[in-house]
$ cat structure-v4.cif   # mmCIF, C-alpha atoms
data_data
loop_
_atom_site.label_atom_id
_atom_site.label_comp_id
_atom_site.auth_asym_id
_atom_site.auth_seq_id
_atom_site.Cartn_x
_atom_site.Cartn_y
_atom_site.Cartn_z
CA MET H 15 -4.30 -64.19 -82.66
CA MET H 16 -7.04 -61.64 -82.26
CA ALA H 17 -9.36 -63.82 -84.27
CA PHE H 18 -8.61 -66.76 -81.97
CA LEU H 19 -9.34 -64.69 -78.89
CA ALA H 20 -12.49 -63.21 -80.35
CA GLU H 21 -13.72 -66.62 -81.29
CA GLU H 22 -13.06 -67.99 -77.80
CA GLY H 23 -14.44 -64.87 -76.14
CA ALA H 24 -17.87 -65.42 -77.59
CA GLN H 25 -18.44 -68.32 -75.21
CA ASN H 26 -20.94 -68.02 -72.37
CA PRO H 27 -18.84 -67.82 -69.20
CA LEU H 28 -21.52 -69.68 -67.22
CA ILE H 29 -21.06 -72.87 -69.21
CA PRO H 30 -18.39 -74.85 -67.38
CA ASP H 31 -15.61 -76.36 -69.41
CA THR H 32 -15.68 -80.15 -69.05
CA ALA H 33 -11.91 -80.59 -68.94
CA GLU H 34 -11.61 -77.97 -66.23
CA LEU H 35 -14.44 -79.60 -64.31
CA VAL H 36 -12.58 -82.92 -64.36
CA ILE H 37 -9.26 -81.33 -63.42
CA GLY H 38 -10.92 -79.38 -60.62
CA LEU H 39 -12.60 -82.47 -59.18
CA LEU H 40 -9.42 -84.48 -59.50
CA CYS H 41 -7.36 -81.83 -57.71
CA PHE H 42 -9.91 -81.58 -54.94
CA PHE H 43 -10.10 -85.35 -54.49
CA ILE H 44 -6.34 -85.54 -54.18
CA VAL H 45 -6.34 -82.75 -51.60
CA PHE H 46 -9.28 -84.27 -49.73
CA GLY H 47 -7.85 -87.77 -49.94
CA LEU H 48 -4.48 -86.91 -48.45
CA LEU H 49 -5.78 -84.41 -45.92
CA GLY H 50 -8.78 -86.46 -44.89
CA LYS H 51 -7.12 -89.87 -44.72
CA LYS H 52 -3.72 -89.06 -43.33
CA LEU H 53 -2.71 -85.52 -42.51
CA LEU H 54 -5.70 -84.20 -40.60
CA PRO H 55 -6.24 -87.37 -38.55
CA ASN H 56 -2.53 -87.05 -37.72
CA ILE H 57 -2.90 -83.58 -36.34
CA GLN H 58 -6.20 -84.42 -34.69
CA LYS H 59 -4.43 -87.16 -32.78
CA THR H 60 -1.56 -84.86 -31.88
CA LEU H 61 -3.92 -82.14 -30.68
CA ALA H 62 -5.80 -84.69 -28.58
CA GLU H 63 -2.51 -85.96 -27.15
CA ARG H 64 -1.42 -82.42 -26.35
CA HIS H 65 -4.76 -81.74 -24.73
CA ASP H 66 -4.31 -84.92 -22.72
CA ALA H 67 -0.78 -83.98 -21.75
CA ILE H 68 -1.89 -80.60 -20.47
CA GLU H 69 -5.10 -81.80 -18.85
CA GLY H 70 -3.33 -84.94 -17.61
CA GLY H 71 -0.61 -82.79 -16.02
CA LEU H 72 -3.22 -80.74 -14.23
CA GLU H 73 -4.99 -83.90 -13.17
CA ARG H 74 -1.78 -85.39 -11.82
CA ALA H 75 -1.05 -82.17 -9.95
CA ASP H 76 -4.54 -82.26 -8.48
CA LYS H 77 -4.08 -85.84 -7.46
CA ALA H 78 -0.73 -85.09 -5.80
CA GLN H 79 -2.31 -82.15 -4.00
CA ALA H 80 -5.15 -84.33 -2.76
CA GLU H 81 -2.65 -86.97 -1.67
CA ALA H 82 -0.61 -84.38 0.22
CA ASN H 83 -3.72 -83.04 1.90
CA ARG H 84 -4.80 -86.52 2.88
CA THR H 85 -1.37 -87.30 4.34
CA LEU H 86 -1.41 -84.02 6.22
CA GLU H 87 -4.81 -84.86 7.64
CA GLU H 88 -3.54 -88.27 8.64
CA TYR H 89 -0.53 -86.80 10.36
CA LYS H 90 -2.66 -84.27 12.14
CA ALA H 91 -5.01 -87.01 13.29
CA GLN H 92 -2.08 -89.14 14.45
CA LEU H 93 -0.54 -86.18 16.22
CA ALA H 94 -3.81 -85.39 17.97
CA GLU H 95 -4.14 -89.04 18.96
CA ALA H 96 -0.57 -89.10 20.24
CA ARG H 97 -1.18 -85.96 22.27
CA HIS H 98 -4.33 -87.48 23.66
CA GLU H 99 -2.47 -90.69 24.46
CA ALA H 100 0.32 -88.76 26.15
CA ALA H 101 -2.16 -86.81 28.20
CA ARG H 102 -3.91 -90.02 29.15
CA ILE H 103 -0.62 -91.68 30.15
CA THR H 104 0.42 -88.65 32.17
CA GLU H 105 -2.90 -88.65 33.89
CA GLN H 106 -2.63 -92.34 34.61
CA ALA H 107 0.92 -91.94 35.91
CA ARG H 108 -0.21 -89.08 38.10
CA GLU H 109 -3.01 -91.22 39.50
CA GLN H 110 -0.71 -94.17 40.03
CA GLY H 111 1.86 -91.91 41.68
CA ALA H 112 -0.78 -90.58 44.02
CA VAL H 113 -1.87 -94.12 44.87
CA ILE H 114 1.73 -95.21 45.47
CA ILE H 115 2.43 -92.19 47.65
CA ALA H 116 -0.73 -92.86 49.63
CA GLU H 117 0.22 -96.52 50.01
CA MET H 118 3.72 -95.68 51.07
CA ARG H 119 2.44 -93.13 53.54
CA GLU H 120 0.11 -95.75 54.99
CA GLU H 121 2.90 -98.32 55.12
CA GLY H 122 5.19 -95.85 56.83
CA GLN H 123 2.50 -95.05 59.31
CA ARG H 124 1.97 -98.73 59.95
CA GLN H 125 5.68 -99.43 60.41
CA ARG H 126 6.02 -96.44 62.69
CA ASP H 127 3.13 -97.68 64.76
CA ALA H 128 4.65 -101.15 64.90
CA ILE H 129 8.03 -99.76 65.94
CA VAL H 130 6.42 -97.59 68.58
CA ALA H 131 4.39 -100.53 69.86
CA ALA H 132 7.48 -102.74 70.00
CA GLY H 133 9.34 -100.01 71.84
CA HIS H 134 6.56 -99.73 74.35
CA ALA H 135 6.49 -103.47 74.92
CA GLN H 136 10.28 -103.55 75.41
CA ILE H 137 10.15 -100.69 77.82
CA GLU H 138 7.38 -102.40 79.77
CA ALA H 139 9.31 -105.69 79.94
CA ASP H 140 12.48 -103.90 81.03
CA ARG H 141 10.56 -102.02 83.67
CA ARG H 142 9.11 -105.28 85.05
CA GLN H 143 12.49 -106.95 85.23
CA VAL H 144 14.02 -103.91 86.86
CA THR H 145 11.17 -103.81 89.33
CA VAL H 146 11.65 -107.48 90.28
CA THR H 147 15.42 -107.15 90.59
CA LEU H 148 15.12 -103.92 92.48
CA ARG H 149 12.67 -105.47 94.90
CA GLN H 150 15.07 -108.29 95.71
CA GLU H 151 18.05 -106.01 95.93
CA VAL H 152 16.24 -103.41 98.05
CA GLY H 153 15.02 -106.19 100.38
CA ARG H 154 18.46 -107.60 100.79
CA ILE H 155 20.16 -104.22 101.22
CA ALA H 156 17.50 -103.13 103.69
CA THR H 157 17.88 -106.36 105.70
CA ASP H 158 21.64 -106.04 105.69
CA LEU H 159 21.40 -102.40 106.72
CA ALA H 160 18.88 -103.13 109.44
CA GLY H 161 21.02 -106.07 110.70
CA LYS H 162 24.01 -103.79 110.98
CA LEU H 163 21.99 -101.14 112.71
CA VAL H 164 20.29 -103.47 115.12
CA GLY H 165 23.43 -105.40 115.62
CA GLU H 166 21.84 -108.65 115.37
CA SER H 167 21.01 -110.83 112.59
CA LEU H 168 17.49 -110.62 111.52
CA GLU H 169 17.66 -113.94 110.04
CA ASP H 170 14.49 -115.01 111.42
CA SER H 171 12.89 -115.54 108.14
CA ALA H 172 9.34 -115.07 109.25
CA ARG H 173 9.94 -111.66 110.65
CA GLN H 174 12.23 -110.69 107.94
CA SER H 175 9.75 -111.52 105.18
CA ARG H 176 6.94 -109.70 106.90
CA THR H 177 8.91 -106.55 107.44
CA ILE H 178 10.23 -106.43 103.91
CA ASP H 179 6.92 -107.12 102.27
CA ARG H 180 5.28 -104.37 104.36
CA PHE H 181 7.91 -101.94 103.28
CA LEU H 182 7.75 -102.83 99.65
CA ASP H 183 3.96 -102.73 99.56
CA SER H 184 4.06 -99.21 100.85
CA LEU H 185 6.66 -98.43 98.23
CA ASP H 186 4.54 -99.96 95.49
CA GLY H 187 1.58 -97.94 96.55
CA SER H 188 3.47 -94.69 96.22
CA ALA H 189 5.06 -95.78 92.90
CA ASP H 190 1.69 -96.67 91.40
CA ALA H 191 0.27 -93.33 92.42
CA GLY H 192 3.32 -91.65 90.81
CA ALA H 193 3.04 -93.67 87.58
CA GLY H 194 -0.69 -92.93 87.30
CA ALA H 195 0.03 -89.21 87.76
CA GLY H 196 2.87 -89.45 85.14
CA ALA H 197 0.69 -91.19 82.57
CA GLY H 198 -2.04 -88.64 83.07
CA ALA H 199 0.45 -85.82 82.45
CA ALA H 200 1.80 -87.54 79.28
CA ARG H 201 -1.59 -87.70 77.70
CA MET S 17 -0.16 -65.96 -71.59
CA SER S 18 -3.37 -64.08 -70.99
CA ALA S 19 -4.92 -61.81 -73.52
CA HIS S 20 -4.31 -58.56 -71.72
CA THR S 21 -0.65 -59.31 -71.26
CA LEU S 22 -0.28 -59.89 -74.96
CA LEU S 23 -2.06 -56.66 -75.72
CA ALA S 24 -0.05 -54.70 -73.20
CA GLU S 25 3.15 -56.13 -74.58
CA ALA S 26 2.05 -54.99 -77.99
CA GLY S 27 2.94 -51.58 -76.64
CA CYS S 28 -0.26 -49.88 -77.65
CA HIS S 29 -0.68 -46.45 -76.08
CA ILE S 30 -3.42 -43.83 -76.39
CA LYS S 31 -3.22 -41.54 -79.47
CA GLN S 32 -1.31 -44.17 -81.41
CA ASP S 33 -4.18 -45.04 -83.65
CA CYS S 34 -5.29 -48.01 -81.63
CA GLY S 35 -8.33 -48.41 -79.41
CA PHE S 36 -8.28 -49.20 -75.72
CA PRO S 37 -7.69 -52.94 -75.43
CA ALA S 38 -10.47 -53.33 -72.88
CA PRO S 39 -10.45 -56.55 -70.90
CA GLY S 40 -13.49 -58.73 -71.34
CA LEU S 41 -14.52 -62.32 -71.47
CA HIS S 42 -11.54 -62.97 -73.69
CA SER S 43 -9.31 -62.12 -70.74
CA PHE S 44 -10.49 -65.37 -69.17
CA ASP S 45 -9.76 -67.58 -72.15
CA PHE S 46 -6.33 -68.96 -72.65
CA LYS S 47 -4.48 -70.50 -75.50
CA PRO S 48 -3.77 -74.10 -74.56
CA ILE S 49 -0.29 -74.81 -73.20
CA PHE S 50 -0.51 -78.13 -74.97
CA SER S 51 -3.24 -80.24 -76.48
CA ILE S 52 -3.86 -83.95 -76.55
CA GLY S 53 -6.47 -84.56 -79.15
CA SER S 54 -9.44 -82.41 -78.23
CA PHE S 55 -8.14 -81.96 -74.72
CA ASP S 56 -6.57 -78.55 -74.20
CA PHE S 57 -4.38 -78.10 -71.19
CA THR S 58 -4.69 -74.45 -70.16
CA LYS S 59 -3.23 -72.09 -67.58
CA PRO S 60 -6.20 -72.31 -65.15
CA MET S 61 -5.78 -76.08 -65.06
CA LEU S 62 -2.06 -75.73 -64.43
CA LEU S 63 -2.80 -73.27 -61.62
CA ALA S 64 -5.39 -75.61 -60.09
CA ILE S 65 -2.85 -78.43 -60.11
CA ILE S 66 -0.19 -76.16 -58.62
CA CYS S 67 -2.67 -75.16 -55.90
CA MET S 68 -3.44 -78.80 -55.22
CA LEU S 69 0.28 -79.49 -54.88
CA LEU S 70 0.75 -76.45 -52.64
CA VAL S 71 -2.09 -77.40 -50.30
CA VAL S 72 -0.96 -81.00 -50.05
CA GLY S 73 2.69 -79.96 -49.79
CA PHE S 74 2.00 -77.47 -47.07
CA PHE S 75 -0.06 -79.84 -44.96
CA TRP S 76 2.36 -82.65 -45.61
CA ALA S 77 5.25 -80.55 -44.36
CA ALA S 78 3.20 -79.37 -41.40
CA PHE S 79 1.38 -82.52 -40.32
CA ALA S 80 3.22 -85.56 -41.74
CA LYS S 81 5.19 -86.02 -38.54
CA PRO S 82 3.28 -83.99 -35.97
CA LYS S 83 5.01 -83.23 -32.70
CA LEU S 84 3.48 -82.59 -29.31
CA VAL S 85 5.44 -79.37 -29.15
CA PRO S 86 4.85 -77.95 -32.64
CA GLY S 87 7.42 -76.39 -34.92
CA LYS S 88 6.66 -73.14 -36.73
CA LEU S 89 5.14 -74.76 -39.81
CA GLN S 90 3.07 -77.18 -37.77
CA LEU S 91 1.86 -74.27 -35.65
CA VAL S 92 0.74 -72.36 -38.75
CA GLY S 93 -1.00 -75.50 -40.02
CA GLU S 94 -2.65 -76.01 -36.66
CA ILE S 95 -3.93 -72.44 -36.68
CA GLY S 96 -5.49 -73.05 -40.11
CA TYR S 97 -6.92 -76.38 -39.05
CA THR S 98 -8.38 -75.10 -35.78
CA PHE S 99 -9.78 -72.08 -37.61
CA VAL S 100 -11.91 -74.38 -39.77
CA ALA S 101 -12.59 -76.88 -36.97
CA ARG S 102 -13.63 -74.27 -34.38
CA SER S 103 -14.82 -71.17 -36.21
CA ILE S 104 -16.69 -73.04 -38.94
CA ALA S 105 -17.47 -76.68 -38.10
CA ARG S 106 -18.03 -76.34 -34.35
CA GLU S 107 -19.69 -72.97 -34.62
CA VAL S 108 -22.19 -73.97 -37.31
CA ILE S 109 -22.72 -77.72 -36.95
CA GLY S 110 -21.64 -78.28 -33.36
CA LYS S 111 -20.11 -81.44 -31.97
CA LYS S 112 -21.47 -83.52 -34.86
CA GLY S 113 -19.50 -81.32 -37.25
CA ASP S 114 -16.16 -82.84 -36.22
CA LYS S 115 -16.67 -85.59 -38.81
CA TYR S 116 -16.82 -83.06 -41.64
CA VAL S 117 -13.75 -81.04 -40.64
CA PRO S 118 -11.44 -82.75 -43.19
CA PHE S 119 -13.92 -82.04 -46.00
CA LEU S 120 -14.36 -78.44 -44.94
CA THR S 121 -10.64 -77.91 -44.38
CA SER S 122 -9.87 -79.28 -47.84
CA ILE S 123 -12.45 -76.99 -49.43
CA PHE S 124 -11.28 -73.95 -47.52
CA PHE S 125 -7.58 -74.29 -48.28
CA PHE S 126 -8.01 -75.44 -51.85
CA VAL S 127 -10.30 -72.52 -52.65
CA TRP S 128 -8.18 -70.02 -50.74
CA PHE S 129 -4.94 -71.09 -52.43
CA MET S 130 -6.65 -70.93 -55.85
CA ASN S 131 -7.94 -67.44 -55.06
CA ILE S 132 -4.53 -66.23 -53.91
CA MET S 133 -3.18 -67.17 -57.35
CA SER S 134 -4.98 -64.05 -58.54
CA ILE S 135 -2.24 -61.81 -57.16
CA ILE S 136 0.82 -64.07 -57.33
CA PRO S 137 3.22 -62.66 -59.95
CA PHE S 138 3.28 -64.73 -63.18
CA ALA S 139 0.22 -66.71 -62.06
CA GLN S 140 -2.01 -63.66 -61.72
CA PHE S 141 -5.16 -65.52 -62.45
CA PRO S 142 -7.77 -67.03 -60.13
CA PRO S 143 -8.82 -70.46 -61.44
CA ALA S 144 -12.16 -69.94 -59.68
CA SER S 145 -12.95 -67.23 -62.25
CA ARG S 146 -13.35 -70.13 -64.66
CA PHE S 147 -16.86 -71.32 -63.83
CA ALA S 148 -15.94 -75.01 -63.98
CA PHE S 149 -13.86 -74.92 -60.77
CA PRO S 150 -16.55 -73.44 -58.50
CA VAL S 151 -19.07 -75.74 -60.15
CA ALA S 152 -16.95 -78.80 -59.35
CA LEU S 153 -16.68 -77.85 -55.69
CA ALA S 154 -20.30 -76.73 -55.37
CA ALA S 155 -21.39 -80.00 -56.98
CA LEU S 156 -19.46 -81.94 -54.36
CA VAL S 157 -21.05 -79.90 -51.59
CA TYR S 158 -24.45 -80.48 -53.19
CA VAL S 159 -23.91 -84.23 -53.44
CA THR S 160 -22.78 -84.30 -49.82
CA TYR S 161 -25.82 -82.28 -48.82
CA MET S 162 -28.25 -84.60 -50.60
CA TYR S 163 -26.49 -87.73 -49.37
CA LEU S 164 -26.59 -86.59 -45.75
CA THR S 165 -30.21 -85.44 -46.02
CA PHE S 166 -31.45 -88.83 -47.20
CA LYS S 167 -29.08 -90.81 -45.02
CA THR S 168 -30.18 -88.97 -41.88
CA HIS S 169 -33.92 -88.78 -42.51
CA GLY S 170 -34.65 -91.64 -44.89
CA PHE S 171 -36.46 -91.03 -48.17
CA ARG S 172 -39.71 -89.54 -46.84
CA GLY S 173 -37.97 -87.58 -44.11
CA GLY S 174 -35.35 -86.43 -46.58
CA VAL S 175 -37.90 -85.10 -49.05
CA LYS S 176 -39.79 -83.48 -46.19
CA ASN S 177 -36.55 -81.91 -44.96
CA LEU S 178 -35.95 -80.45 -48.42
CA VAL S 179 -39.40 -78.97 -49.10
CA TRP S 180 -41.46 -78.85 -45.91
CA ILE S 181 -41.80 -76.20 -43.22
CA SER S 182 -44.18 -77.22 -40.46
CA GLY S 183 -46.80 -74.91 -38.96
CA LEU S 184 -47.78 -73.12 -42.17
CA PRO S 185 -51.29 -71.90 -42.96
CA LYS S 186 -52.87 -74.31 -45.48
CA PRO S 187 -53.15 -71.95 -48.47
CA LEU S 188 -49.45 -71.18 -48.32
CA VAL S 189 -48.29 -74.78 -48.37
CA PRO S 190 -48.01 -75.31 -52.17
CA LEU S 191 -46.20 -72.04 -52.66
CA ILE S 192 -43.72 -72.65 -49.84
CA VAL S 193 -43.10 -76.21 -50.92
CA LEU S 194 -42.27 -74.95 -54.39
CA LEU S 195 -40.03 -72.18 -53.06
CA GLU S 196 -38.26 -74.49 -50.62
CA PHE S 197 -37.66 -77.01 -53.39
CA ILE S 198 -36.24 -74.36 -55.68
CA GLN S 199 -34.11 -72.89 -52.92
CA ASN S 200 -32.70 -76.14 -51.54
CA CYS S 201 -32.31 -78.11 -54.73
CA ILE S 202 -31.56 -75.53 -57.40
CA THR S 203 -30.51 -72.10 -56.20
CA ARG S 204 -28.36 -73.26 -53.30
CA PRO S 205 -25.75 -75.11 -55.38
CA PHE S 206 -26.03 -72.57 -58.17
CA THR S 207 -25.50 -69.52 -55.93
CA LEU S 208 -22.73 -71.31 -54.09
CA ALA S 209 -20.83 -71.70 -57.35
CA VAL S 210 -21.76 -68.35 -58.83
CA ARG S 211 -20.86 -66.38 -55.70
CA LEU S 212 -17.29 -67.62 -55.76
CA TRP S 213 -16.97 -67.44 -59.53
CA ALA S 214 -18.41 -63.90 -59.82
CA ASN S 215 -16.25 -62.52 -57.03
CA MET S 216 -13.08 -63.91 -58.53
CA PHE S 217 -14.16 -62.94 -62.05
CA ALA S 218 -14.94 -59.35 -61.09
CA GLY S 219 -11.83 -58.98 -58.97
CA HIS S 220 -9.60 -60.19 -61.75
CA MET S 221 -11.44 -58.00 -64.27
CA LEU S 222 -10.88 -54.89 -62.14
CA ILE S 223 -7.20 -55.55 -61.64
CA VAL S 224 -6.75 -56.23 -65.36
CA MET S 225 -8.74 -53.13 -66.24
CA PHE S 226 -6.59 -50.80 -64.13
CA SER S 227 -3.35 -52.49 -65.14
CA VAL S 228 -4.15 -52.25 -68.86
CA ALA S 229 -5.32 -48.67 -68.47
CA THR S 230 -2.12 -47.77 -66.63
CA TRP S 231 -0.08 -49.01 -69.58
CA TYR S 232 -2.42 -47.57 -72.19
CA LEU S 233 -2.38 -44.09 -70.67
CA LEU S 234 1.36 -44.02 -70.07
CA THR S 235 2.32 -41.40 -72.64
CA PRO S 236 4.49 -38.26 -72.45
CA THR S 237 1.40 -36.06 -71.96
CA TRP S 238 -0.73 -34.91 -69.06
CA LEU S 239 -2.46 -38.32 -69.28
CA THR S 240 0.47 -39.81 -67.39
CA ALA S 241 -1.15 -38.42 -64.22
CA VAL S 242 -4.28 -40.44 -65.02
CA SER S 243 -2.07 -43.41 -65.67
CA GLY S 244 -0.58 -42.95 -62.20
CA GLY S 245 -4.05 -42.82 -60.70
CA SER S 246 -4.97 -45.99 -62.52
CA PHE S 247 -1.81 -47.65 -61.23
CA GLY S 248 -2.69 -46.62 -57.69
CA LEU S 249 -6.13 -48.16 -58.13
CA ALA S 250 -4.61 -51.36 -59.48
CA ILE S 251 -2.46 -51.56 -56.33
CA PHE S 252 -5.47 -50.82 -54.15
CA MET S 253 -7.60 -53.45 -55.90
CA THR S 254 -4.83 -55.99 -55.50
CA ALA S 255 -4.73 -55.36 -51.75
CA PHE S 256 -8.52 -55.45 -51.64
CA GLU S 257 -8.48 -58.77 -53.47
CA VAL S 258 -6.36 -60.28 -50.69
CA LEU S 259 -9.29 -59.69 -48.36
CA ILE S 260 -11.88 -60.89 -50.89
CA GLN S 261 -9.90 -64.05 -51.61
CA PHE S 262 -9.89 -65.06 -47.99
CA LEU S 263 -13.48 -63.98 -47.48
CA GLN S 264 -14.80 -65.96 -50.45
CA ALA S 265 -12.98 -69.09 -49.37
CA TYR S 266 -14.38 -68.60 -45.88
CA ILE S 267 -17.93 -67.96 -47.14
CA PHE S 268 -17.83 -70.96 -49.45
CA THR S 269 -16.74 -73.21 -46.56
CA LEU S 270 -19.20 -71.60 -44.17
CA LEU S 271 -22.10 -72.19 -46.56
CA ALA S 272 -20.99 -75.76 -47.14
CA SER S 273 -21.09 -76.34 -43.38
CA ILE S 274 -24.50 -74.62 -43.11
CA TYR S 275 -25.86 -76.99 -45.75
CA ILE S 276 -24.39 -79.98 -43.94
CA GLN S 277 -25.94 -78.73 -40.72
CA GLY S 278 -29.30 -78.35 -42.45
CA ALA S 279 -29.03 -81.88 -43.78
CA ILE S 280 -28.26 -83.59 -40.47
CA GLU S 281 -30.37 -81.50 -38.10
CA GLU S 282 -33.30 -83.16 -36.35
CA GLY S 283 -36.71 -81.97 -37.52
CA HIS S 284 -37.32 -78.87 -39.51
#
$ encode --input "structure-v4.cif" --output "structure tokens"
Amino acid sequence: MMAFLAEEGAQNPLIPDTAELVIGLLCFFIVFGLLGKKLLPNIQKTLAERHDAIEGGLERADKAQAEANRTLEEYKAQLAEARHEAARITEQAREQGAVIIAEMREEGQRQRDAIVAAGHAQIEADRRQVTVTLRQEVGRIATDLAGKLVGESLEDSARQSRTIDRFLDSLDGSADAGAGAGAGAAR
Amino acid sequence: MSAHTLLAEAGCHIKQDCGFPAPGLHSFDFKPIFSIGSFDFTKPMLLAIICMLLVVGFFWAAFAKPKLVPGKLQLVGEIGYTFVARSIAREVIGKKGDKYVPFLTSIFFFVWFMNIMSIIPFAQFPPASRFAFPVALAALVYVTYMYLTFKTHGFRGGVKNLVWISGLPKPLVPLIVLLEFIQNCITRPFTLAVRLWANMFAGHMLIVMFSVATWYLLTPTWLTAVSGGSFGLAIFMTAFEVLIQFLQAYIFTLLASIYIQGAIEEGH
């Protein structure tokens, strides 16, 4: 035993044993082959996928955030537009209302004027008719009264007409003066 | 069975008419488990194969059916993978380094698992302390380095990339060309292998030394105190090795990525 060991021990340790060299290379090639061809690419892929999943998640979140912001902006813009529109419509309505009120006021004025004018015309016509009737009546009553007083019939038409007309003319003159004074006071 | 274990089991203690069974080169030679002709299957080979199975098994369990929301094992695997991808490949090579992440990850975990074997009970031996294993890996890195150099720059550009530094004073050119050639083509792969091998070799040697001494000094005399001290140091060295194991795997991978970066960089 000791002889065997001593014999072996004399070797230079820096001379590699061929069998060990082969075994070492073989072992390494098996390790490298399996790790390099299958196992490490496997994990590389998985790590890349995980990276993607995490980064992708962040990206999706970013996208959603951007989308939300964009929608918010849109809504804000729409809201502002709607407010603007409402203000515009209100303004328009106010203007239209003012126009309508003005028109109605004008129309009312016009109708009032027309009614007043019609009233005036009616009054004037009535007055004329009354005047004519009154003149006839007053002439007849005066004639009758004078006939009774005088005791004779004043049927002499010439005289009768002259007398009545003179009387009524004087009456007219005083009435015209009165009406002119009345109109002056009314103004 | 390693030599020191056999010796320790022999039950040899101090003052029993036997010398201190000091660990040495023989501690790194193993009786073959079985032999086929001139081929001897030894413990370091078995450990390398176990490490290969462990690395593949671990990553298979973690990454065979990866989920978007990772389970515990997948999470641990992802931490390991992103450690190499970010802290080594991205940091050293940059974006172009993504292509080499599988290569670097394989190196890192294979070397680390082999190194850890140093302190696993019953295994208790780092295969990388057998020079052939670091040499195999360093040779692969070297081949990759050369391949990428000539693929990226063509033959003339590749040679220039290996030996030339622009902007040198004329008299220095021959010397620098020689030094650059030696550094890039000879010492780089050699130191890459030796660094890992020597660290694992020395670490294992120290642990063996203190373990054997602990047993050797364990006698019913005052020397038991020394034995206890030796035991404490063996524990300490084992803990220290945990750090070294990770560090050497990391450095090996880091240097591999630095070489790749040197090979594919534009200009020199």
$ interface_residues --input "structure-v4.cif" --of "chain S" --to "chain H" --cutoff "7 Å" --atoms "only C-alpha atoms" --output "list in words"
Leu41, His42, Asp45, Met61, Ala64, Ile65, Met68, Val71, Val72, Phe75, Trp76, Phe79, Ala80, Pro82, Lys83, Leu84, Pro118, Phe119, Ser122, Phe147, Ala148, Phe149 and Ala152 of chain S
$ resolve_selection --input "structure-v4.cif" --expression "the PyMOL selection byres ((chain S and resi 191-206) around 7)" --output "list in words"
Ala154, Ala155, Tyr158, Leu178, Val179, Trp180, Leu188, Val189, Pro190, Thr207, Leu208, Ala209 and Val210 of chain S
$ residues_around --input "structure-v4.cif" --residues "region 128-134 of chain S" --least-positions-apart "6" --cutoff "10 Å" --atoms "all atoms listed in the file" --output "JSON, numbers by chain"
{"S": [60, 63, 64, 65, 66, 67, 68, 70, 71, 122, 140, 141, 142, 143, 144, 145, 149, 212, 215, 216, 217, 219, 220, 223, 254, 257, 258, 259, 260, 261, 262, 263, 264, 265, 266, 268]}
$ atom_distance --input "structure-v4.cif" --atom1 "CA of Tyr275 (chain S)" --atom2 "CA of Tyr161 (chain S)"
6.1 Å
$ resolve_selection --input "structure-v4.cif" --expression "the PyMOL selection byres ((chain S and resi 99-108) around 9)" --output "list in words"
Glu94, Ile95, Gly96, Tyr97, Thr98, Ile109, Gly110, Lys111, Lys112, Gly113, Asp114, Lys115, Tyr116, Val117, Pro118, Leu120, Thr121, Phe124, Tyr266, Thr269, Leu270, Ser273, Ile274 and Gln277 of chain S
$ closest_residue --input "structure-v4.cif" --among "H:Ile137, H:Ala94, H:Ile178, H:Ile68" --to "Ala156 (chain H)" --atoms "all atoms listed in the file"
H:Ile178
$ residues_around --input "structure-v4.cif" --residues "region 239-248 of chain S" --least-positions-apart "5" --cutoff "7 Å" --atoms "all atoms listed in the file" --output "list in words"
Phe226, Ser227, Ala229, Thr230, Leu233 and Leu234 of chain S
$ atom_distance --input "structure-v4.cif" --atom1 "CA of Pro37 (chain S)" --atom2 "CA of Phe57 (chain S)"
25.7 Å
$ axis_aligned_box --input "structure-v4.cif" --around "region 53-64 of chain H" --padding-each-side "3 Å" --output "lines of an AutoDock Vina configuration file"
center_x = -3.8
center_y = -84.8
center_z = -34.4
size_x = 10.8
size_y = 11.2
size_z = 22.2
$ residues_around --input "structure-v4.cif" --residues "region 172-177 of chain S" --least-positions-apart "3" --cutoff "10 Å" --atoms "only C-alpha atoms" --output "list of chain:residue names"
S:Met162, S:Tyr163, S:Leu164, S:Thr165, S:Phe166, S:Lys167, S:Thr168, S:His169, S:Trp180, S:Ile181, S:Ser182, S:Val193, S:Glu196, S:Phe197, S:Asn200, S:Gly278, S:Ala279, S:Ile280, S:Glu281, S:Glu282, S:Gly283, S:His284
$ atom_distance --input "structure-v4.cif" --atom1 "CA of Asp183 (chain H)" --atom2 "CA of Lys162 (chain H)"
23.1 Å
